[in-house]
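Q: One structure coming up, written as structure tokens, with questions to follow.
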Protein chains: 4
Amino acid sequence: MSDVSHALYGDLFGDADVSAQFSSSAALQAMLDVESALAETQAALGIVPAAAAAAIARVSRAEQYDVAALAREAAIEGNVVIPLVRSVRRAAAAQYPDAESWVHFGITSQDVVDTALVLQLRAAVPLIVRRLESLAADARGLAHAHARTLMSGRTWLRQAAPTTFGLIAAGWTEALDRVADGLRQALERAAVVQLGGATGSLASLGGQGKLLVERVGARLGLGVPNLSWHAHRDRIAALACAHGVVCGTLGKIARDIALLGQDELGELDHMSGGGSSAMPQKRNPVGCAVALAAATRAPGLVAAMLAAMPQELERGLGGWHAEWETMAVLVSITGGAARACGEAIASIDVRPERMLENVASSRGAILAEALTLGLTSRMGREQSHAAVARACVRSRIERRPVGDVLLEDPEVTRHSIARDDVDRWMDPAQYVSAAETLVSAVLSAGRPSDVRD
Amino acid sequence: MSDVSHALYGDLFGDADVSAQFSSSAALQAMLDVESALAETQAALGIVPAAAAAAIARVSRAEQYDVAALAREAAIEGNVVIPLVRSVRRAAAAQYPDAESWVHFGITSQDVVDTALVLQLRAAVPLIVRRLESLAADARGLAHAHARTLMSGRTWLRQAAPTTFGLIAAGWTEALDRVADGLRQALERAAVVQLGGATGSLASLGGQGKLLVERVGARLGLGVPNLSWHAHRDRIAALACAHGVVCGTLGKIARDIALLGQDELGELDHMSGGGSSAMPQKRNPVGCAVALAAATRAPGLVAAMLAAMPQELERGLGGWHAEWETMAVLVSITGGAARACGEAIASIDVRPERMLENVASSRGAILAEALTLGLTSRMGREQSHAAVARACVRSRIERRPVGDVLLEDPEVTRHSIARDDVDRWMDPAQYVSAAETLVSAVLSAGRPSDVRD
Amino acid sequence: MSDVSHALYGDLFGDADVSAQFSSSAALQAMLDVESALAETQAALGIVPAAAAAAIARVSRAEQYDVAALAREAAIEGNVVIPLVRSVRRAAAAQYPDAESWVHFGITSQDVVDTALVLQLRAAVPLIVRRLESLAADARGLAHAHARTLMSGRTWLRQAAPTTFGLIAAGWTEALDRVADGLRQALERAAVVQLGGATGSLASLGGQGKLLVERVGARLGLGVPNLSWHAHRDRIAALACAHGVVCGTLGKIARDIALLGQDELGELDHMSGGGSSAMPQKRNPVGCAVALAAATRAPGLVAAMLAAMPQELERGLGGWHAEWETMAVLVSITGGAARACGEAIASIDVRPERMLENVASSRGAILAEALTLGLTSRMGREQSHAAVARACVRSRIERRPVGDVLLEDPEVTRHSIARDDVDRWMDPAQYVSAAETLVSAVLSAGRPSDVRD
Amino acid sequence: MSDVSHALYGDLFGDADVSAQFSSSAALQAMLDVESALAETQAALGIVPAAAAAAIARVSRAEQYDVAALAREAAIEGNVVIPLVRSVRRAAAAQYPDAESWVHFGITSQDVVDTALVLQLRAAVPLIVRRLESLAADARGLAHAHARTLMSGRTWLRQAAPTTFGLIAAGWTEALDRVADGLRQALERAAVVQLGGATGSLASLGGQGKLLVERVGARLGLGVPNLSWHAHRDRIAALACAHGVVCGTLGKIARDIALLGQDELGELDHMSGGGSSAMPQKRNPVGCAVALAAATRAPGLVAAMLAAMPQELERGLGGWHAEWETMAVLVSITGGAARACGEAIASIDVRPERMLENVASSRGAILAEALTLGLTSRMGREQSHAAVARACVRSRIERRPVGDVLLEDPEVTRHSIARDDVDRWMDPAQYVSAAETLVSAVLSAGRPSDVRD
């Protein structure tokens with residue numbers, strides 16, 4: 001089986017540590033860990049001979065098995081556990097003849113596939129959480145450093161009213177904290193063992209089913225559900241969703257960085273970044289592209305996980321199978337997006353002087369809201385709004401400051417509005433001060449007040 | 001503007017109570033509630049004259065405004081708040097001339113759109129949670145009544161091993177409890193006020209911004225975030241995801257009911273259900289179809305909410321707008337699916353005798369797992385598995401009981417296996433007993449142990 | 001049933017003409033048109049009494065029926081045709097007693113729902129095609145007018161190499177031509193009558209089934225398939241896909257316009273556009289937001305149509321139902337995006353002087369590719385590339401022209417490269433000329449050569 | 001970089017021949033084919049020295065390059081072409097020193113990535129078309145063999161009215177023909193060369209750009225567009241859509257096969273299929289699960305391709321990157337679904353006797369539509385419908401034939417309806433005959449009349 005381009009793009013779109021949890025050998029190892037934990041627990045409960053369990057444990061190492069051969073057989077039998085168990089039986093029997101009977105005793109393929117997936121997720125997801133925490137810490141640093149760094153706020157991609165770069169970075173910080181927390185919580189809920197046997201009751205184990213599940217869960221460090229979840233995929237789907245939300249937030253931050261880094265804005269520059277095969281002058285925001293690519297792909301992958309949920313009776317026909325590669329890719333690109341966005345943030349070069357230039361380039365129009373509010377106390381809201389709108393149009397056409405133009409408007413001057421008033425109203429200090437207050441609140445909170453533990 | 005078929009299908013795919021929270025007039029009322037809470041709070045803080053606030057409150061009733069006219073203006077200005085505020089100003093000024101200046105004072109359209117959406121969600125989502133709780137209660141009742149009702153478990157849509165209908169219903173119960181809980185938690189996190197002014201700092205209100213947000217939040221009964229979330233949509237996206245997970249679980253239950261109700265299975269019947277325009281004998285599982293339709297549509301709606309997340313800088317260009325109808329439809333069809341699935345479960349007619357017939361129809365093959373485990377103690381796993389597989393094939397061809405055929409197999413009989421052994425091993429009692437134990441655990445738990453509060 | 005916010009936002013996100021085809025009354029009328037065409041055809045074939053058919057035709061007017069009552073009954077029976085047929089029977093019997101027996105004779109609800117949908121699509125989709133053609137004509141006008149208008153091409157959101165605005169507009173033109181053509185073709189394939197009776201064979205009509213389908217198709221102006229397509233949804237899904245592709249292209253054009261219209265770029269301005277509730281100076285690109293919102297929502301709606309395809313046996317359980325509102329919304333927002341993008345293009349104000357300023361602002365770096373290719377003939381590729389990269393970095397730091405800096409580089413000067421060479425290589429004329437050639441090709445093609453008829 | 005589980009599941013979810021076109025080495029080779037075709041064409045046009053082109057051609061073999069090293073560098077530079085070109089330059093220079101300057105001359109990375117993707121698609125997609133044609137041929141065989149094989153048609157998963165298995169198979173046949181045709185046409189439109197240089201005008205090549213594109217297109221056997229499509233992704237998105245439609249149709253067929261193969265229906269059996277790790281009696285419909293898994297995943301992948309369309313200006317930031325793995329996976333799983341569904345159809349064992357038993361098990365209720373139409377001529381529609389509905393209910397309760405029960409109903413007997421009438425009306429022959437006529441039409445058409453060439 002070929003690799004469907006992944007070998008070429010895996011480093012670009014993934015994160016090596018996260019993706020390593022979803023390699024073929026990691027997947028096999030997780031399955032073997034389940035089989036071996038089962039046998040050892042069954043031995044402790046007297047269900048399986050200790051020598052058999054020991055033999056099974058000894059042959060539960062992924063590198064002993066032939067991935068290509070297993071893959072070929074999986075294509076016929078519908079999952080990889082069936083041929084894997086066959087191989088483990090052979091290997092265990094070579095160690096201890098009777099062991100053959102006690103491999104995978106009393107359980108079904110789905111128990112192994114699902115619990116192994118949970119083990120992989122429990123290894124991978126905390127790595128992403130850690131990357132997000134580190135990203136949040138970097139964003140927090142920017143928020144602190146630039147709490148008073150004046151810049152244009154932009155809505156609908158147009159200059160709107162002043163803000164500070166620190167307030168933007170504080171927004172990133174809090175969002176990263178929240179989505180990291182969401183991911184952590186969703187993992188905690190999903191990190192439960194699956195062990196139900198053929199149809200969920202572990203009847204094959206007589207009265208010992210429930211106890212076995214508890215002990216296997218404890219051995220693997222996983223939670224123990226009341227019931228096997230072979231046909232109810234809500235926990236895993238919710239975890240997929242949490243990844244989708246993470247990708248969306250990373251995409252938002254990446255888009256902000258890329259937009260502020262456009263040559264004509266020039267407010268952020270990237271110290272790293274890719275070159276071009278044709279253009280020597282280019283430094284491309286590769287990290288932003290990777291995060292935005294993940295934000296573009298993740299919604300469809302989440303949709304597939306949700307679409308897979310209505311699985312038929314005691315085992316899904318196709319829905320279950322749809323999860324396997326989807327979940328692995330989703331977690332991998334989320335890890336990649338976190339890594340890439342982290343590189344982008346870490347290499348940001350903030351350009352306060354360009355921020356000021358851009359604020360100035362509006363000739364005061366960016367302060368139209370403040371100006372209107374100031375005028376309102378003298379002229380009423382309707383007249384103020386109209387006067388400022390007129391002044392903005394004329395300022396644009398004549399390329400003169402809004403304040404100057406405004407002070408020539410007889411509708412304004414007859415309310416004895418003076419240059420000093422206008423200058424005071426158009427002082428961006430109020431925006432800087434309001435932003436700084438909010439940034440302080442975020443920074444002092446440590447973590448945002450609305451993340452619950 | 002036409003209604004895009006909704007008037008015809010709204011009752012089928014929606015829930016009247018839930019959808020009512022998303023009608024045009026409910027949407028307008030929520031926006032007016034925000035404006036009026038703002039003005040009253042500002043009056044209390046001395047920002048706005050009390051008489052103006054009172055006038056604003058008096059004109060904050062949706063029925064006073066012309067939806068069609070607002071919609072036409074919204075098409076030009078990009079959202080409905082701009083024309084609505086204009087209308088409210090006119091109306092308030094008619095009550096108290098100065099009020100015109102104090103409507104929507106210091107805030108921006110997005111503050112109103114977003115906080116109003118949150119108010120609508122806070123009204124609608126608990127209705128869905130309540131429907132899910134009622135559904136879970138009905139499922140719990142089925143679990144209790146049928147804890148020992150033997151039936152075929154089916155994997156890959158084929159008979160696999162016995163289970164009980166109570167165990168299936170217990171699985172529904174726990175899943176419903178979990179997804180209701182997930183919905184409730186996501187709402188709690190999303191139910192925060194949005195109030196940031198032009199670019200998120202509420203600078204227009206001088207130093208009183210933070211205090212104002214707290215007071216407006218308190219007045220509206222909403223949480224208060226550290227920062228305005230105008231450009232960070234994670235909370236609302238996560239709430240959308242929780243709806244997607246609910247729809248997936250409802251679709252799973254609906255699919256189970258529909259599959260078990262097929263004529264040839266006949267294990268569940270529907271006492272209600274739709275007729276056919278051509279076939280007088282038909283009773284169609286309409287409730288199941290509605291839940292499955294929601295489970296088919298929700299993933300794409302969730303994907304749209306996630307795809308909308310990377311919004312540009314201080315206000316999204318298209319991303320924000322994509323949320324409005326998407327979220328309203330998603331919540332509505334989730335409500336509809338809960339209602340419809342509830343009707344389906346409430347009208348279930350369980351047919352234990354058909355369940356038994358279907359178990360019997362396998363001529364024992366459904367007990368192949370149990371038989372194999374029994375034989376293993378005498379013949380080893382490999383031989384047992386092969387002997388049972390042979391017996392199943394012959395049983396199918398000859399249409400004779402698996403046990404009879406097995407006892408004619410010399411490979412089996414030479415291990416002195418007797419009819420009694422076979423009968424004991426093939427007694428489904430063990431499955432019933434294991435299932436009953438699990439059902440009891442669920443019933444006694446009240447709510448599943450892995451739902452955290 | 002409430003309207004789920006659509007009344008507020010329908011004008012913003014839709015197109016009145018397109019959406020009108022999906023109103024409740026248009027949907028009902030389409031169903032009645034099917035019933036009436038059926039009866040009249042059956043009368044012509046001698047299956048139904050002529051007087052009955054005449055009575056049915058007389059009562060086939062949507063305004064005669066109570067939408068709210070039909071909706072309530074549809075919620076119980078699973079589709080609106082069942083109660084509608086009941087009402088039509090009553091109404092027809094009032095005209096001619098025997099007519100009651102001949103309404104909906106021999107067919108099933110799905111025949112009516114599906115054929116009616118096709119009638120609605122055949123009315124709506126050509127309106128969108130026409131809007132796209134008009135958009136393409138406007139884009140063609142821009143391509144013609146600005147074939148030689150020099151501007152910065154931008155890749156990864158950074159200045160890359162020169163292009164002309166005409167070449168960008170030519171790209172829009174061709175893409176619009178292609179997607180309009182794709183939509184037209186998909187409609188042509190999907191515009192086939194559905195008439196199969198209970199399970200697709202029209203057996204209820206004895207040997208006359210096939211003939212009836214042909215005649216009804218002819219009467220309604222629809223194509224006639226070999227088989228009823230009640231359970232094979234590929235044609236309708238492919239038409240949904242074509243809408244998705246249209247939205248993607250409109251979103252691309254809208255994003256281009258919005259990006260080029262940012263204040264700091266200022267290369268395009270919008271003569272129309274929405275204001276702000278807080279900021280008097282704002283002119284927001286509302287049309288772009290609407291198109292981008294559609295491009296954000298359409299992928300999920302297309303996904304729902306595709307996810308609905310695996311419908312069970314002779315009629316889908318949920319999959320079929322998922323199509324109804326999804327398709328109506330998808331077509332409506334595609335129409336809205338075409339309208340809004342059309343408004344955006346029609347109101348574009350091209351600013352060639354800002355384009356030149358932005359080209360100049362790179363101090364020559366935007367011509368790095370051209371400069372490198374020129375130098376290569378003298379210095380070899382590797383040295384050229386390195387020299388130009390060095391010059392770009394120094395130019396940025398020292399804020400001096402790339403050409404000046406380059407001519408101070410001893411690695412360059414020792415190859416006797418002169419100011420004249422550099423000026424020639426850095427002349428953007430070559431880019432303008434290449435762009436103009438391509439634009440001419442597009443303009444002279446009328447329609448792009450690769451659109452097949 | 002790890003393989004993200006693909007090595008384990010690639011054989012199950014993919015098709016070896018199709019996936020081979022998307023391996024890392026196939027991807028690299030396609031890129032090298034583009035570089036080499038470019039150099040050779042440029043040599044023929046006198047742009048590049050012949051010896052350099054020859055050297056480039058000699059080093060254009062994928063196995064000469066280190067995938068892992070390229071992947072690492074791609075992660076920094078944003079695509080694999082940049083490091084690949086660097087490696088090719090080194091390798092070509094080793095053959096012929098001057099060659100270094102002429103590798104990748106005048107073009108940009110995206111030209112190579114996109115044209116290479118088209119080459120891979122042109123290799124892979126026809127393999128899928130061929131698989132679909134073969135599948136259609138098998139379905140056609142079933143339609144022919146079973147044109148008169150009576151079975152239950154089922155709507156809403158309930159028995160509805162008789163049909164024949166041949167008619168179902170004819171429906172599959174036509175759908176397969178249509179979606180294969182759609183795929184072929186979408187490929188034809190998408191199979192165009194991409195060659196535009198930095199910003200689409202190939203200005204770097206002076207006046208020879210257009211000619212070069214034509215010649216490279218001819219050399220690679222690809223179509224030649226009027227304009228470079230670097231930022232307009234409609235052709236590739238439409239091709240993705242065509243894959244989505246194929247997966248939907250394969251999922252529909254797979255679902256039909258799986259449903260008809262349920263033990264209690266038993267109308268189709270699978271001669272192949274997977275076993276179970278726990279249950280020796282199981283033969284699982286693995287092929288159906290694979291096709292349904294693809295139908296579950298494809299909608300989200302198509303959604304990602306559509307969501308990626310609004311790419312920024314002259315090169316997308318993230319949108320373009322989102323396409324790479326998405327398209328490769330989508331095509332691969334479509335190939336896998338076609339292979340798996342083909343295996344399922346090829347191994348179908350039709351059970352006409354079970355079909356008859358299931359028809360009979362309704363005790364005549366399945367003929368309710370026919371019976372009603374028969375009675376209508378005597379009793380009027382309303383009374384007939386009511387009488388048959390009554391008879392069906394009583395038949396179900398009393399477990400007696402509908403016809404017998406009906407003939408005891410005084411409302412019926414007073415219209416002198418005789419046993420003979422009832423038997424004639426309830427004869428399924430009419431359904432068989434109608435179905436056979438339709439099947440003949442499909443079979444004689446060769447290909448369905450509504451597939452246009």
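Following the order of the structure tokens, first chain is A, next is B, and so on, with residues numbered from 1 inside each chain and ligands from 1 in the order they appear.
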Which parts of stretch 63-169 of chain C does DSSP call alpha helix (DSSP H) when run on the backbone here, written out as a PyMOL selection string?

A: chain C and resi 67-77+81-95+109-145+165-169

Q: Write out as a ChimeraX atom specification every residue belonging to chain B that has an atom at most 7 Å from any atom of chain C, counting only C-alpha atoms.

A: /B:1-12,16,19-20,22-24,27,67,71-72,74-78,82,107-109,198,273-275,277-278,286,289-290,292-294,296-297,300-301,303-304,307-308,317-319,321-322,325,328-329

Q: Write out as a PyMOL selection string the residues lying within 10 Å of B:Glu267, counting only C-alpha atoms and excluding same-chain residues fewer than 2 positions away.

A: chain B and resi 151-152+165+257+259-265+269+348-358

Q: If I take atom CA of C:Val48 and atom CA of C:Leu32, how far is one from the other in Å, to one decimal?

A: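 Distance reported for this atom pair: 16.9 Å.
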
Q: Can you list, as a ChimeraX atom specification, every protein, DNA or RNA residue that comes within 7 Å of B:Arg148 when you count only C-alpha atoms, leaving out same-chain residues fewer than 5 positions away?

A: /B:164,166,432,436

Q: Take the residues just selected and output them with N, CA and C atoms as a PDB file, in the first residue's frame.

A:
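Contents of the output file out.pdb:
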```
ATOM      1  N   THR B 164     -29.801  -8.200  25.387  1.00  0.00           N
ATOM      2  CA  THR B 164     -31.201  -7.966  25.765  1.00  0.00           C
ATOM      3  C   THR B 164     -31.605  -6.584  25.273  1.00  0.00           C
ATOM      4  N   GLY B 166     -33.106  -4.503  26.923  1.00  0.00           N
ATOM      5  CA  GLY B 166     -32.803  -3.576  28.009  1.00  0.00           C
ATOM      6  C   GLY B 166     -31.393  -3.030  27.929  1.00  0.00           C
ATOM      7  N   VAL B 432     -28.043 -13.049  29.042  1.00  0.00           N
ATOM      8  CA  VAL B 432     -29.100 -12.312  29.730  1.00  0.00           C
ATOM      9  C   VAL B 432     -28.598 -11.801  31.068  1.00  0.00           C
ATOM     10  N   GLU B 436     -28.168  -8.015  32.204  1.00  0.00           N
ATOM     11  CA  GLU B 436     -28.961  -7.508  33.328  1.00  0.00           C
ATOM     12  C   GLU B 436     -28.085  -6.786  34.359  1.00  0.00           C
TER      13      GLU B 436
END
```

Q: Excluding A:Arg189 and residues on its chain fewer than 3 positions from it, collect all residues at most 7 Å away from it, counting only C-alpha atoms, and give them as a list in words.

A: Gln185, Ala186 and Arg235 of chain A

Q: Among stretch 166-407 of chain C, which residues does DSSP mark as strand (DSSP E or B) when it is run on the backbone? Keep the chain and numbering as in the structure and answer as a list of chain:residue names.

A: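 Selection result, strand (DSSP E or B) within stretch 166-407 of chain C: C:Val192, C:Gly223, C:Leu268, C:Asp269, C:His270, C:Gly274, C:Asn284, C:Arg315, C:Ile348, C:Asp349, C:Val350.
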
Q: Could you name the residues that touch D:Tyr65 at 9 Å or less, counting only C-alpha atoms, but leaving out those on the same chain fewer than 6 positions away, as JSON, numbers by chain?

A: {"D": [28, 84, 87, 88]}

Q: Mind checking which residues fall within 9 Å of D:Thr173, counting only C-alpha atoms, ignoring those fewer than 6 positions away in the same chain, and posting them as a PDB file with N, CA, C and O atoms, in the first residue's frame?

A:
```pdb
ATOM      1  N   LEU D 135     -18.090  -2.562 -12.641  1.00  0.00           N
ATOM      2  CA  LEU D 135     -19.186  -2.701 -11.688  1.00  0.00           C
ATOM      3  C   LEU D 135     -20.547  -2.602 -12.396  1.00  0.00           C
ATOM      4  O   LEU D 135     -21.464  -3.395 -12.140  1.00  0.00           O
ATOM      5  N   ALA D 136     -20.654  -1.625 -13.281  1.00  0.00           N
ATOM      6  CA  ALA D 136     -21.916  -1.445 -14.005  1.00  0.00           C
ATOM      7  C   ALA D 136     -22.214  -2.675 -14.857  1.00  0.00           C
ATOM      8  O   ALA D 136     -23.366  -3.106 -14.976  1.00  0.00           O
ATOM      9  N   ALA D 137     -21.174  -3.252 -15.440  1.00  0.00           N
ATOM     10  CA  ALA D 137     -21.381  -4.454 -16.259  1.00  0.00           C
ATOM     11  C   ALA D 137     -21.904  -5.603 -15.398  1.00  0.00           C
ATOM     12  O   ALA D 137     -22.812  -6.339 -15.793  1.00  0.00           O
ATOM     13  N   ASP D 138     -21.338  -5.737 -14.201  1.00  0.00           N
ATOM     14  CA  ASP D 138     -21.820  -6.797 -13.301  1.00  0.00           C
ATOM     15  C   ASP D 138     -23.273  -6.527 -12.886  1.00  0.00           C
ATOM     16  O   ASP D 138     -24.090  -7.452 -12.809  1.00  0.00           O
ATOM     17  N   ALA D 139     -23.566  -5.266 -12.598  1.00  0.00           N
ATOM     18  CA  ALA D 139     -24.941  -4.928 -12.202  1.00  0.00           C
ATOM     19  C   ALA D 139     -25.893  -5.190 -13.370  1.00  0.00           C
ATOM     20  O   ALA D 139     -27.013  -5.690 -13.181  1.00  0.00           O
ATOM     21  N   ARG D 140     -25.438  -4.878 -14.574  1.00  0.00           N
ATOM     22  CA  ARG D 140     -26.235  -5.141 -15.765  1.00  0.00           C
ATOM     23  C   ARG D 140     -26.525  -6.647 -15.894  1.00  0.00           C
ATOM     24  O   ARG D 140     -27.647  -7.056 -16.228  1.00  0.00           O
ATOM     25  N   ALA D 143     -29.183  -7.453 -13.548  1.00  0.00           N
ATOM     26  CA  ALA D 143     -30.464  -6.934 -14.039  1.00  0.00           C
ATOM     27  C   ALA D 143     -31.044  -7.885 -15.080  1.00  0.00           C
ATOM     28  O   ALA D 143     -32.244  -8.193 -15.081  1.00  0.00           O
ATOM     29  N   VAL D 442     -33.434  -0.444 -20.103  1.00  0.00           N
ATOM     30  CA  VAL D 442     -32.071  -0.135 -19.654  1.00  0.00           C
ATOM     31  C   VAL D 442     -31.060  -1.010 -20.391  1.00  0.00           C
ATOM     32  O   VAL D 442     -30.030  -0.535 -20.873  1.00  0.00           O
ATOM     33  N   ARG D 447     -26.095   2.284 -22.889  1.00  0.00           N
ATOM     34  CA  ARG D 447     -25.894   3.254 -21.824  1.00  0.00           C
ATOM     35  C   ARG D 447     -27.154   4.088 -21.699  1.00  0.00           C
ATOM     36  O   ARG D 447     -27.890   4.250 -22.668  1.00  0.00           O
ATOM     37  N   PRO D 448     -27.432   4.607 -20.523  1.00  0.00           N
ATOM     38  CA  PRO D 448     -28.707   5.299 -20.340  1.00  0.00           C
ATOM     39  C   PRO D 448     -28.820   6.484 -21.288  1.00  0.00           C
ATOM     40  O   PRO D 448     -27.840   7.180 -21.562  1.00  0.00           O
TER      41      PRO D 448
END
```

Q: In Å, rounded to a single decimal, give me how far atom CA of D:Glu63 is from atom CA of A:Asp66.

A: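 Separation of atom CA of A:Asp66 and atom CA of D:Glu63: 24.1 Å.
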